[in-house]
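Asker: File name my_file37.txt; file contents compact mmCIF, C-alpha atoms; full text below.
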```
# COMPACT_ATOMS: atom_id res chain seq x y z
CA MET E 164 8.49 2.43 56.26
CA GLY E 165 7.57 1.73 52.64
CA ALA E 166 7.11 4.10 49.72
CA LEU E 167 4.32 6.67 49.60
CA LEU E 168 1.08 6.10 47.71
CA ALA E 169 -0.36 9.14 45.91
CA GLY E 170 -2.03 11.16 48.64
CA GLY E 171 0.65 10.56 51.23
CA LEU E 172 -0.28 7.15 52.61
CA PRO E 173 2.69 4.89 53.38
CA ILE E 174 2.54 1.56 51.58
CA LEU E 175 2.97 -1.16 54.16
CA ALA E 176 4.40 -4.42 52.89
CA ASP E 177 1.74 -7.07 52.40
CA PRO E 178 3.10 -10.31 53.80
CA ARG E 179 1.01 -12.48 51.47
CA PRO E 180 2.28 -13.18 47.93
CA ALA E 181 0.15 -12.17 44.95
CA ALA E 182 -0.63 -15.66 43.66
CA ALA E 183 -3.86 -14.67 41.91
CA GLY E 184 -3.52 -14.72 38.15
CA ALA E 185 0.06 -15.95 38.38
CA ALA E 186 -0.64 -18.89 36.10
CA ALA E 187 -1.92 -16.72 33.23
CA ARG E 188 0.39 -16.67 30.23
CA PRO E 189 -0.60 -14.96 26.97
CA PRO E 190 -0.55 -17.15 23.86
CA ARG E 191 2.09 -16.79 21.14
CA PHE E 192 1.52 -16.93 17.40
CA ARG E 193 3.49 -17.86 14.30
CA ASP E 194 5.04 -14.98 12.37
CA ALA E 195 2.63 -15.49 9.49
CA TRP E 196 0.34 -12.69 8.29
CA PHE E 197 -2.98 -12.88 6.49
CA PRO E 198 -4.17 -9.39 5.44
CA ILE E 199 -7.94 -9.29 5.02
CA THR E 200 -7.42 -7.35 1.78
CA ASP E 201 -6.00 -10.55 0.27
CA PHE E 202 -9.44 -12.07 0.75
CA GLY E 203 -11.47 -9.26 -0.79
CA ALA E 204 -11.99 -6.81 2.08
CA VAL E 205 -12.42 -3.14 1.17
CA GLY E 206 -11.74 -0.49 3.81
CA ASP E 207 -14.24 2.15 2.70
CA GLY E 208 -16.46 1.92 5.79
CA THR E 209 -19.47 0.62 3.86
CA THR E 210 -18.49 -2.56 1.97
CA ASP E 211 -19.44 -5.61 4.03
CA CYS E 212 -16.17 -7.37 4.89
CA THR E 213 -17.65 -10.18 7.00
CA ARG E 214 -16.94 -12.96 4.50
CA ALA E 215 -13.45 -11.70 3.75
CA ILE E 216 -12.53 -11.57 7.44
CA ASP E 217 -13.95 -15.04 7.97
CA ALA E 218 -11.99 -16.38 5.00
CA ALA E 219 -8.77 -14.87 6.35
CA ILE E 220 -9.38 -16.43 9.78
CA ARG E 221 -10.04 -19.85 8.25
CA ALA E 222 -6.96 -19.65 6.05
CA CYS E 223 -4.78 -18.60 9.00
CA HIS E 224 -6.14 -21.43 11.13
CA ALA E 225 -5.67 -24.01 8.38
CA ALA E 226 -2.08 -22.91 7.83
CA GLY E 227 -1.18 -23.51 11.46
CA GLY E 228 -1.99 -20.10 12.87
CA GLY E 229 -0.65 -16.56 12.82
CA HIS E 230 -2.05 -13.06 12.53
CA VAL E 231 -5.07 -11.91 10.56
CA LEU E 232 -4.23 -8.30 9.75
CA VAL E 233 -6.84 -5.55 9.64
CA PRO E 234 -4.83 -2.74 8.01
CA ALA E 235 -5.44 1.00 8.05
CA GLY E 236 -8.96 1.86 6.93
CA ARG E 237 -12.58 1.57 8.03
CA TRP E 238 -13.90 -1.94 7.72
CA ALA E 239 -17.61 -2.77 7.99
CA THR E 240 -18.38 -6.21 9.38
CA GLY E 241 -20.87 -8.46 11.12
CA ALA E 242 -20.02 -11.21 13.59
CA ILE E 243 -16.38 -12.35 13.70
CA HIS E 244 -15.74 -15.91 14.92
CA LEU E 245 -12.15 -16.69 15.93
CA LEU E 246 -10.51 -20.08 15.51
CA SER E 247 -7.58 -21.66 17.37
CA ARG E 248 -4.11 -20.20 16.87
CA VAL E 249 -5.47 -17.01 15.28
CA ASP E 250 -4.66 -13.45 16.37
CA LEU E 251 -6.98 -10.79 14.95
CA HIS E 252 -4.60 -7.83 14.72
CA VAL E 253 -6.21 -4.43 14.21
CA ASP E 254 -3.69 -1.88 12.93
CA ARG E 255 -3.24 1.48 14.67
CA ASP E 256 -5.08 3.35 11.90
CA ALA E 257 -7.80 0.73 11.45
CA THR E 258 -11.38 0.77 12.68
CA LEU E 259 -13.70 -2.24 12.62
CA LEU E 260 -17.25 -0.93 12.28
CA PHE E 261 -19.71 -3.56 13.47
CA SER E 262 -23.13 -3.75 11.89
CA THR E 263 -26.11 -2.58 13.92
CA ASP E 264 -28.39 -5.03 12.06
CA PRO E 265 -29.21 -7.88 14.47
CA ALA E 266 -29.37 -10.28 11.51
CA ALA E 267 -25.61 -9.86 11.13
CA TYR E 268 -25.23 -11.85 14.39
CA LEU E 269 -27.18 -14.93 13.34
CA PRO E 270 -27.27 -17.88 13.53
CA VAL E 271 -27.53 -18.02 17.31
CA VAL E 272 -24.66 -19.34 19.41
CA LEU E 273 -24.29 -20.73 22.90
CA THR E 274 -23.75 -17.84 25.28
CA ARG E 275 -24.40 -16.69 28.82
CA TRP E 276 -26.76 -13.76 29.29
CA GLN E 277 -26.59 -12.09 32.70
CA GLY E 278 -25.50 -15.37 34.24
CA VAL E 279 -27.95 -17.74 32.50
CA GLU E 280 -27.00 -19.97 29.57
CA ALA E 281 -28.95 -19.61 26.32
CA TYR E 282 -28.69 -19.57 22.55
CA ASN E 283 -28.78 -15.97 21.41
CA TYR E 284 -27.32 -13.52 18.93
CA SER E 285 -23.60 -14.05 18.46
CA PRO E 286 -21.36 -11.68 20.35
CA LEU E 287 -19.69 -9.32 17.91
CA ILE E 288 -16.37 -11.17 18.31
CA TYR E 289 -16.91 -14.77 19.47
CA ALA E 290 -15.07 -18.04 19.88
CA HIS E 291 -16.30 -21.35 21.24
CA GLY E 292 -14.03 -24.11 22.47
CA GLN E 293 -10.90 -22.64 20.86
CA ARG E 294 -7.30 -22.41 22.09
CA ASP E 295 -4.67 -19.72 21.59
CA ILE E 296 -6.75 -16.82 20.29
CA ALA E 297 -6.24 -13.08 20.45
CA VAL E 298 -7.51 -9.64 19.50
CA THR E 299 -4.56 -7.25 19.41
CA GLY E 300 -3.25 -4.03 17.87
CA GLN E 301 -3.74 -0.31 18.44
CA GLY E 302 -6.91 0.02 16.40
CA VAL E 303 -10.54 0.69 17.26
CA LEU E 304 -13.45 -1.74 17.55
CA ASP E 305 -16.66 0.29 17.22
CA ALA E 306 -19.94 -1.51 17.86
CA GLN E 307 -21.86 1.66 16.90
CA GLY E 308 -24.35 1.20 19.72
CA ASP E 309 -26.43 4.26 20.57
CA ASN E 310 -29.99 5.23 21.46
CA GLY E 311 -31.12 4.30 17.95
CA HIS E 312 -29.26 0.98 17.78
CA TRP E 313 -29.12 -1.78 20.42
CA TRP E 314 -29.33 0.39 23.53
CA PHE E 315 -33.07 1.10 23.44
CA TRP E 316 -33.70 -2.66 23.78
CA VAL E 317 -33.07 -2.21 27.52
CA GLY E 318 -36.50 -0.54 27.70
CA SER E 319 -35.41 2.75 29.27
CA GLY E 320 -36.22 6.22 28.01
CA GLN E 321 -32.70 7.23 28.99
CA TYR E 322 -31.52 5.11 26.07
CA GLY E 323 -34.10 6.08 23.46
CA TRP E 324 -36.90 3.64 24.22
CA LYS E 325 -40.47 4.88 23.77
CA PRO E 326 -43.79 3.14 24.47
CA GLY E 327 -44.61 0.73 21.69
CA MET E 328 -40.96 -0.02 20.89
CA PRO E 329 -39.58 -3.53 21.53
CA ASN E 330 -37.49 -4.24 24.60
CA GLN E 331 -35.81 -7.08 26.48
CA ARG E 332 -38.16 -7.35 29.45
CA ALA E 333 -40.29 -10.30 28.32
CA ASP E 334 -37.26 -12.21 27.01
CA TRP E 335 -35.26 -11.68 30.19
CA THR E 336 -38.24 -12.78 32.30
CA ALA E 337 -38.55 -15.91 30.16
CA LEU E 338 -34.84 -16.72 30.34
CA GLU E 339 -34.75 -16.22 34.11
CA ARG E 340 -37.69 -18.59 34.45
CA MET E 341 -35.97 -21.17 32.25
CA GLY E 342 -32.88 -21.01 34.45
CA VAL E 343 -34.93 -21.45 37.63
CA GLU E 344 -36.97 -24.31 36.18
CA GLY E 345 -33.98 -26.11 34.66
CA VAL E 346 -35.22 -25.97 31.07
CA PRO E 347 -32.60 -27.70 28.87
CA VAL E 348 -30.21 -25.15 27.41
CA ASP E 349 -30.87 -26.25 23.83
CA GLN E 350 -34.49 -25.20 24.34
CA ARG E 351 -33.56 -21.69 25.48
CA VAL E 352 -33.40 -20.17 21.99
CA PHE E 353 -33.64 -16.42 21.46
CA GLY E 354 -32.07 -14.43 18.62
CA ALA E 355 -34.35 -13.37 15.74
CA GLY E 356 -37.52 -11.75 17.03
CA HIS E 357 -36.06 -11.36 20.51
CA TYR E 358 -34.25 -8.53 22.24
CA LEU E 359 -31.39 -9.78 24.39
CA ARG E 360 -28.40 -7.64 23.38
CA PRO E 361 -25.12 -9.44 22.58
CA SER E 362 -21.81 -8.86 24.32
CA PHE E 363 -18.94 -7.29 22.37
CA ILE E 364 -16.08 -9.83 22.78
CA GLN E 365 -16.90 -13.25 24.21
CA PRO E 366 -14.58 -16.25 24.18
CA TYR E 367 -16.68 -19.15 25.47
CA ALA E 368 -15.04 -22.28 26.90
CA CYS E 369 -11.69 -21.22 25.44
CA ARG E 370 -8.14 -21.56 26.68
CA ASN E 371 -5.23 -19.14 26.29
CA VAL E 372 -6.88 -15.85 25.35
CA LEU E 373 -5.22 -12.46 24.81
CA ILE E 374 -6.94 -9.10 24.30
CA GLU E 375 -4.35 -6.36 23.99
CA GLY E 376 -4.00 -2.76 22.89
CA VAL E 377 -7.35 -2.18 21.21
CA THR E 378 -10.00 0.43 22.00
CA LEU E 379 -13.60 -0.74 22.39
CA ARG E 380 -16.45 1.72 21.84
CA HIS E 381 -20.24 1.76 22.06
CA SER E 382 -20.91 -1.88 22.92
CA PRO E 383 -24.49 -3.20 22.83
CA MET E 384 -23.96 -4.60 26.33
CA TRP E 385 -20.99 -6.08 28.23
CA ASN E 386 -17.67 -5.38 26.50
CA ILE E 387 -15.14 -8.12 27.30
CA HIS E 388 -16.95 -11.18 28.62
CA PRO E 389 -14.90 -14.39 28.78
CA VAL E 390 -17.06 -17.31 29.92
CA LEU E 391 -15.79 -20.65 31.22
CA CYS E 392 -12.28 -19.79 30.01
CA ARG E 393 -8.87 -20.53 31.40
CA ASN E 394 -5.73 -18.42 31.02
CA VAL E 395 -7.05 -15.01 29.95
CA THR E 396 -4.94 -11.84 29.61
CA VAL E 397 -6.46 -8.39 29.03
CA ARG E 398 -3.87 -5.61 28.91
CA ASP E 399 -3.35 -2.09 27.59
CA VAL E 400 -6.98 -1.91 26.44
CA SER E 401 -9.26 1.13 26.51
CA VAL E 402 -13.00 0.64 27.05
CA GLU E 403 -15.32 3.54 26.21
CA SER E 404 -18.91 2.43 26.72
CA LEU E 405 -21.59 4.59 28.33
CA GLY E 406 -24.53 2.48 27.18
CA PRO E 407 -26.79 0.33 29.39
CA ASN E 408 -25.11 -2.65 31.07
CA GLY E 409 -21.89 -1.54 29.37
CA ASP E 410 -19.58 -3.36 31.80
CA GLY E 411 -15.92 -3.12 30.86
CA CYS E 412 -14.52 -6.59 31.58
CA ASP E 413 -16.51 -9.44 33.17
CA PRO E 414 -14.60 -12.69 33.73
CA ASP E 415 -17.42 -15.22 34.19
CA SER E 416 -16.59 -18.66 35.62
CA CYS E 417 -12.98 -18.16 34.49
CA GLN E 418 -9.67 -19.25 36.00
CA ASP E 419 -6.23 -17.64 35.77
CA VAL E 420 -7.10 -14.15 34.56
CA VAL E 421 -4.88 -11.06 34.37
CA ILE E 422 -6.26 -7.57 33.67
CA GLN E 423 -3.45 -5.00 33.39
CA ARG E 424 -2.97 -1.37 32.42
CA THR E 425 -6.50 -1.01 31.13
CA THR E 426 -8.55 2.19 31.21
CA PHE E 427 -12.29 2.10 31.76
CA ALA E 428 -14.89 4.76 30.98
CA THR E 429 -18.21 2.96 31.42
CA HIS E 430 -21.69 3.63 32.71
CA ASP E 431 -21.97 0.29 34.52
CA ASP E 432 -19.26 -1.68 36.37
CA CYS E 433 -15.73 -1.36 35.03
CA ILE E 434 -14.63 -4.85 36.08
CA ALA E 435 -17.22 -7.32 37.38
CA ILE E 436 -16.21 -10.85 38.35
CA LYS E 437 -19.05 -13.32 37.90
CA SER E 438 -19.86 -17.05 37.93
CA GLY E 439 -23.50 -17.56 36.94
CA ARG E 440 -26.87 -16.66 38.33
CA ASP E 441 -28.97 -18.52 40.91
CA GLU E 442 -30.07 -22.05 39.94
CA ASP E 443 -28.39 -21.93 36.55
CA GLY E 444 -25.10 -20.73 38.00
CA ARG E 445 -25.18 -23.51 40.57
CA ARG E 446 -26.05 -26.06 37.86
CA VAL E 447 -22.93 -25.15 35.87
CA GLY E 448 -21.02 -24.87 39.12
CA VAL E 449 -17.77 -23.36 37.84
CA PRO E 450 -16.16 -20.63 39.97
CA SER E 451 -14.07 -17.65 38.95
CA LYS E 452 -10.69 -17.83 40.65
CA ASN E 453 -7.07 -16.75 40.48
CA ILE E 454 -7.69 -13.26 39.09
CA LEU E 455 -5.13 -10.44 39.12
CA ILE E 456 -6.07 -6.83 38.37
CA GLU E 457 -3.29 -4.25 38.41
CA ASP E 458 -2.30 -0.77 37.22
CA CYS E 459 -5.75 0.04 35.85
CA VAL E 460 -7.46 3.44 35.58
CA PHE E 461 -11.17 3.96 36.19
CA THR E 462 -12.66 7.26 35.03
CA SER E 463 -16.37 6.46 35.24
CA GLY E 464 -18.64 3.56 36.05
CA GLY E 465 -20.47 1.67 38.77
CA GLY E 466 -17.80 -0.33 40.56
CA ALA E 467 -14.14 -0.11 39.69
CA VAL E 468 -13.91 -3.72 40.87
CA ALA E 469 -17.21 -5.50 41.49
CA ILE E 470 -17.85 -9.08 42.49
CA GLY E 471 -21.30 -10.24 41.50
CA SER E 472 -24.06 -9.97 41.51
CA GLU E 473 -24.19 -13.12 39.36
CA MET E 474 -21.74 -15.23 41.40
CA SER E 475 -23.59 -18.43 42.27
CA GLY E 476 -20.68 -20.62 41.14
CA GLY E 477 -18.34 -18.88 43.59
CA VAL E 478 -15.46 -16.39 43.38
CA SER E 479 -12.09 -16.73 45.11
CA ASP E 480 -8.46 -15.64 45.06
CA VAL E 481 -8.79 -12.14 43.63
CA VAL E 482 -6.02 -9.55 43.89
CA ALA E 483 -6.49 -5.97 42.68
CA ARG E 484 -3.65 -3.52 43.23
CA ARG E 485 -2.35 -0.15 42.12
CA LEU E 486 -5.70 1.24 41.01
CA HIS E 487 -6.28 4.89 40.12
CA LEU E 488 -9.63 6.71 40.06
CA PRO E 489 -8.85 10.21 38.74
CA TYR E 490 -11.16 13.20 38.67
CA ASP E 491 -11.66 14.82 35.28
CA ALA E 492 -14.36 17.49 35.11
CA SER E 493 -14.30 17.41 31.31
CA LEU E 494 -15.76 13.91 31.17
CA ASP E 495 -19.48 13.35 30.63
CA GLU E 496 -19.43 10.98 33.59
CA ALA E 497 -16.54 11.74 35.91
CA SER E 498 -17.02 9.37 38.80
CA VAL E 499 -17.01 5.75 39.90
CA ALA E 500 -19.57 4.80 42.53
CA TRP E 501 -17.56 2.06 44.28
CA ILE E 502 -13.91 1.10 44.45
CA LEU E 503 -14.81 -2.40 45.64
CA SER E 504 -18.41 -3.58 45.42
CA VAL E 505 -19.27 -7.06 46.69
CA LYS E 506 -22.91 -7.56 45.76
CA SER E 507 -25.29 -10.47 45.91
CA THR E 508 -28.80 -11.43 46.94
CA SER E 509 -30.51 -13.87 49.27
CA THR E 510 -31.12 -16.26 46.34
CA ARG E 511 -27.61 -16.45 44.86
CA GLY E 512 -25.83 -18.93 47.11
CA GLY E 513 -22.19 -19.51 46.19
CA TYR E 514 -19.24 -17.93 47.96
CA ILE E 515 -16.81 -15.01 47.81
CA ARG E 516 -13.52 -15.50 49.59
CA ASP E 517 -9.92 -14.36 49.63
CA VAL E 518 -10.21 -10.96 47.96
CA ARG E 519 -7.50 -8.29 48.33
CA VAL E 520 -7.73 -4.74 46.99
CA THR E 521 -4.64 -2.70 47.80
CA ASP E 522 -2.82 0.51 46.87
CA VAL E 523 -5.67 2.69 45.61
CA SER E 524 -5.47 6.38 44.74
CA CYS E 525 -8.87 8.03 44.43
CA PRO E 526 -9.15 11.84 44.25
CA ALA E 527 -12.57 11.52 42.59
CA TRP E 528 -16.06 11.35 44.11
CA THR E 529 -17.32 7.92 45.08
CA TYR E 530 -20.66 6.90 46.53
CA VAL E 531 -19.43 4.17 48.91
CA PRO E 532 -15.79 3.25 48.31
CA PHE E 533 -16.22 -0.23 49.83
CA GLU E 534 -19.51 -2.04 50.15
CA VAL E 535 -20.76 -5.56 50.85
CA THR E 536 -24.48 -6.13 50.35
CA TYR E 537 -26.83 -9.10 50.12
CA THR E 538 -29.77 -7.01 48.87
CA TYR E 539 -28.47 -5.85 45.49
CA MET E 540 -31.23 -4.42 43.28
CA GLY E 541 -33.75 -5.26 45.99
CA GLY E 542 -32.87 -8.96 45.85
CA ALA E 543 -34.23 -10.04 49.22
CA GLY E 544 -36.81 -12.55 50.38
CA GLY E 545 -34.79 -15.77 50.03
CA GLU E 546 -32.62 -17.69 52.44
CA LEU E 547 -29.78 -18.79 50.18
CA TYR E 548 -27.17 -16.20 51.04
CA PRO E 549 -23.60 -16.37 49.76
CA ASP E 550 -20.72 -17.23 52.06
CA VAL E 551 -18.48 -14.14 52.15
CA SER E 552 -15.14 -14.18 53.99
CA GLY E 553 -11.53 -13.13 53.79
CA ILE E 554 -11.62 -9.60 52.33
CA THR E 555 -8.53 -7.41 52.74
CA VAL E 556 -8.66 -3.69 51.93
CA ARG E 557 -5.29 -2.00 52.35
CA ASN E 558 -3.51 1.25 51.47
CA TRP E 559 -6.34 3.40 50.10
CA SER E 560 -6.20 7.17 49.74
CA VAL E 561 -9.72 8.44 49.05
CA GLY E 562 -9.52 12.19 48.68
CA GLY E 563 -12.85 12.88 47.02
CA PRO E 564 -16.19 13.08 48.83
CA CYS E 565 -18.23 9.98 49.59
CA ASP E 566 -21.45 9.16 51.43
CA TYR E 567 -20.00 6.34 53.55
CA ALA E 568 -16.36 5.28 53.77
CA TYR E 569 -17.57 1.70 53.93
CA ARG E 570 -20.88 -0.09 54.35
CA ILE E 571 -20.74 -3.80 55.17
CA ARG E 572 -24.01 -5.57 55.81
CA GLY E 573 -24.36 -9.31 56.16
CA ALA E 574 -27.36 -11.28 57.39
CA GLN E 575 -27.96 -12.76 60.82
CA THR E 576 -27.85 -16.26 59.36
CA ALA E 577 -24.95 -15.42 57.01
CA PRO E 578 -22.56 -12.90 58.54
CA VAL E 579 -19.67 -11.45 56.56
CA ARG E 580 -16.49 -12.89 58.09
CA ASP E 581 -12.88 -11.78 58.35
CA VAL E 582 -12.83 -8.33 56.77
CA ARG E 583 -9.57 -6.44 57.37
CA LEU E 584 -9.25 -2.72 56.75
CA THR E 585 -5.71 -1.37 57.07
CA ASN E 586 -4.01 1.95 56.35
CA LEU E 587 -6.97 3.78 54.79
CA THR E 588 -7.78 7.49 54.63
CA PHE E 589 -11.16 8.92 53.64
CA GLU E 590 -11.04 12.71 53.52
CA HIS E 591 -14.71 13.66 53.07
CA ALA E 592 -17.27 11.12 54.28
CA ALA E 593 -20.80 12.42 54.85
CA HIS E 594 -21.86 9.64 57.25
CA GLU E 595 -20.40 7.21 59.73
CA PRO E 596 -19.50 3.75 58.37
CA VAL E 597 -22.11 1.01 58.59
CA VAL E 598 -21.26 -2.48 59.82
CA GLU E 599 -24.05 -5.01 60.37
CA ASN E 600 -23.69 -8.75 60.90
CA ALA E 601 -20.04 -8.58 59.93
CA ASP E 602 -16.66 -9.31 61.49
CA VAL E 603 -14.54 -6.26 60.62
CA THR E 604 -11.05 -5.43 61.92
CA THR E 605 -9.66 -1.93 61.36
CA ARG E 606 -6.09 -0.65 61.74
CA HIS E 607 -4.89 2.85 60.87
CA VAL E 608 -8.21 3.90 59.32
CA THR E 609 -8.85 7.65 59.22
CA ILE E 610 -12.28 9.03 58.30
CA ARG E 611 -12.78 12.77 58.10
CA GLY E 612 -15.88 14.82 57.51
CA THR E 613 -18.36 12.77 59.55
```
Please go through the file and, once you have read it, give me the structure as structure tokens.
Answerer:
Amino acid sequence: MGALLAGGLPILADPRPAAAGAAARPPRFRDAWFPITDFGAVGDGTTDCTRAIDAAIRACHAAGGGHVLVPAGRWATGAIHLLSRVDLHVDRDATLLFSTDPAAYLPVVLTRWQGVEAYNYSPLIYAHGQRDIAVTGQGVLDAQGDNGHWWFWVGSGQYGWKPGMPNQRADWTALERMGVEGVPVDQRVFGAGHYLRPSFIQPYACRNVLIEGVTLRHSPMWNIHPVLCRNVTVRDVSVESLGPNGDGCDPDSCQDVVIQRTTFATHDDCIAIKSGRDEDGRRVGVPSKNILIEDCVFTSGGGAVAIGSEMSGGVSDVVARRLHLPYDASLDEASVAWILSVKSTSTRGGYIRDVRVTDVSCPAWTYVPFEVTYTYMGGAGGELYPDVSGITVRNWSVGGPCDYAYRIRGAQTAPVRDVRLTNLTFEHAAHEPVVENADVTTRHVTIRGT
């Protein structure tokens, strides 16, 4: 008999090795320091330090790399673009205050917006085609998003939008159409006069990326969004983002990713693994694979670990283990809707295979701890279902109430295959589990309250 998981469940040894993410190795940097104050930055919270930070990054890069130091203080800035061999180190008593003026994120850059490639506002911290880059330290990155800045662009009254105000709907409709029709990416230009919110941190087509120690707050949209990257490490980070689409960490068509000891308080998914949307995702055709998530805490959000819905390039070899979903009544949002959410539509295509989520302690409320759906956000009516197989769920103690312990629904023409549920306890489920068009094997699964 193994050790006990919180809640009293015995941990049974998993015979398969945790290969996912094993190849990820964080980059190392020269012991050379470039304080932004040496380049004219003033930490009074109002002086624009964008040019000083950029000058420090360029000098560090030209010298062979090292650390760009953001010392104690409050530093106002626009877009920060990292270069190879540069670590942006934010001191414990430092706060980077990002401008809420969209013009501070121009000119446009190549990005991916909800799974479709485009030229849009620069992410707040961005890198394209770089190697050995990092954002580290114990400081705070504050995007200053709120109902008066960025968030209302979603077009919802919940986030401050009122009739007559601009919103993203027309732009998102146009970009979706461009992806479906195969419009060349260099003709998909948004930015000034448009309303597609930027991500917070986005390395794009980079290799050897480290994000460590920092606290992210109030992002316009997705927080940590590596795209087409290889060898990414996110560890000891805190994400505090209750705005719209404020996902915590979304590896998107990335390989060899480790997410460790990170705490998420979001309104949308905490971690969402993606690989492009519909025709555009299949055109790029790069999967997300070899991803390790461990020792993370999820205090609020949609899914603790989600796969999709933008996953048309495929997702495989994901291991998530030792996850904790606490209950804290003092939080504004004190729940996570799913522990594992596998979500797609009948137009996505792609595949999801070889996913393991083990050793979960969840005293908090959840909606459906484990769900597989092909009709996410009403996405039905097509015939290009994903191929979903090889999902292992093991050693979960779910003490809080839930509607369904699990709900797994495939399609007649695309059943969900080889789902294994082992050593699970659900203390307060309102309804019986749902299994439709799915091959599910259960062993030592206890469901109370139905």
Asker: Output, as JSON, the centre and edge lengths in Å (one decimal) of the axis-aligned box that contains all listed atoms of region 260-263 of chain E with 8 Å of margin on each side.
Answerer:
```
{"center_x": -21.7, "center_y": -2.3, "center_z": 12.9, "size_x": 24.9, "size_y": 18.8, "size_z": 18.0}
```
Asker: What is the distance, in Å and to one decimal place, between CA of Ala574 (chain E) and CA of Gln418 (chain E)?
Answerer: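 Between these atoms lies a distance of 28.9 Å.
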Asker: Write out as a list of chain:residue names the residues lying within 7 Å of Leu391 (chain E), counting only C-alpha atoms and excluding same-chain residues fewer than 5 positions away.
Answerer: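 Selected residues are E:Tyr367, E:Ala368, E:Asp415, E:Ser416, E:Cys417.
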Asker: Check the smallest atom-to-atom distance from each of E:Val535, E:Val395, E:Met540, E:Ile554 to Thr585 (chain E) using all atoms listed in the file, then report the winner.
Answerer: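 Closest to Thr585 (chain E) of all the choices is E:Ile554.
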Asker: Within 10 Å of region 465-487 of chain E, which residues of region 204-320 of chain E come that close, and what is the closest atom pair and distance in Å for each? Count only C-alpha atoms and give it as CSV.
Answerer:
```
residue,atom,partner,partner_atom,distance
E:Gln277,CA,E:Glu473,CA,7.2
E:Gly278,CA,E:Glu473,CA,5.7
E:Val279,CA,E:Glu473,CA,9.1
```
Asker: Counting only C-alpha atoms, figure out which residue out of E:Arg214, E:Lys325, E:Arg370, E:Arg519 gets nearest to Ser247 (chain E).
Answerer: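 Among the listed residues, the smallest separation from Ser247 (chain E) belongs to E:Arg370.
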Asker: Set the distance at 7 Å and use all atoms listed in the file: which residues neighbour Ile387 (chain E) once local chain neighbours fewer than 2 positions away are removed? I'd like the list as an NGL selection string.
Answerer: :E and (363-365 or 385 or 389 or 411-413)
Asker: Tell me which of E:Phe533, E:Tyr569, E:Phe202, E:Phe261 sits closest to Ala219 (chain E), counting only C-alpha atoms.
Answerer: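 Of E:Phe533, E:Tyr569, E:Phe202, E:Phe261, the one nearest Ala219 (chain E) is E:Phe202, counting only C-alpha atoms.
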Asker: How many Å separate CA of Glu599 (chain E) from CA of Val579 (chain E)?
Answerer: 8.7 Å
Asker: One number please: CA of Gly376 (chain E) to CA of Thr299 (chain E), in Å, one decimal.
Answerer: 5.7 Å
Asker: Residues at most 8 Å from Val499 (chain E), counting all atoms listed in the file, excluding those fewer than 2 positions away in the same chain, as a list of chain:residue names?
Answerer: E:Phe461, E:Thr462, E:Ser463, E:Gly464, E:Gly465, E:Gly466, E:Ala467, E:Leu488, E:Ala497, E:Trp501, E:Ile502, E:Ala527, E:Trp528, E:Thr529, E:Tyr530
Asker: Of the residues E:Arg606, E:His252, E:Arg583, E:Arg516, which is the one nearest to Val556 (chain E), using all atoms listed in the file?
Answerer: E:Arg583
Asker: Under the rule that all atoms listed in the file are counted, which of E:Ile515, E:Val608, E:Val343, E:Ala290 is the nearest residue to Phe589 (chain E)?
Answerer: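 Using all atoms listed in the file, the shortest distance to Phe589 (chain E) belongs to E:Val608.
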Asker: Within 12 Å of Ala333 (chain E), counting all atoms listed in the file, which residues show up once you throw out same-chain ones fewer than 6 positions away? Write them as a list in words, please.
Answerer: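 Near neighbours after the sequence-gap exclusion: Trp316, Val317, Gly318, Glu339, Arg340, Phe353, Gly356, His357, Tyr358 and Leu359 of chain E.
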Asker: Of the candidates E:His591, E:Arg221, E:Arg193, E:Arg255, which one gets nearest to Val303 (chain E) if we count all atoms listed in the file?
Answerer: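 Checking each of E:His591, E:Arg221, E:Arg193, E:Arg255 against Val303 (chain E), counting all atoms listed in the file, the winner is E:Arg255.
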Asker: Counting all atoms listed in the file, find residues at most 10 Å from (-25.4, -2.8, 20.4) (file frame) and give them as a PyMOL selection string.
Answerer: chain E and resi 261-265+286-287+305-316+360-363+381-385+406-407+409
Asker: Quick one: residues within 8 Å of Leu269 (chain E), only C-alpha atoms, excluding same-chain residues fewer than 4 positions away - as JSON, numbers by chain?
Answerer: {"E": [265, 284, 285, 354, 355]}
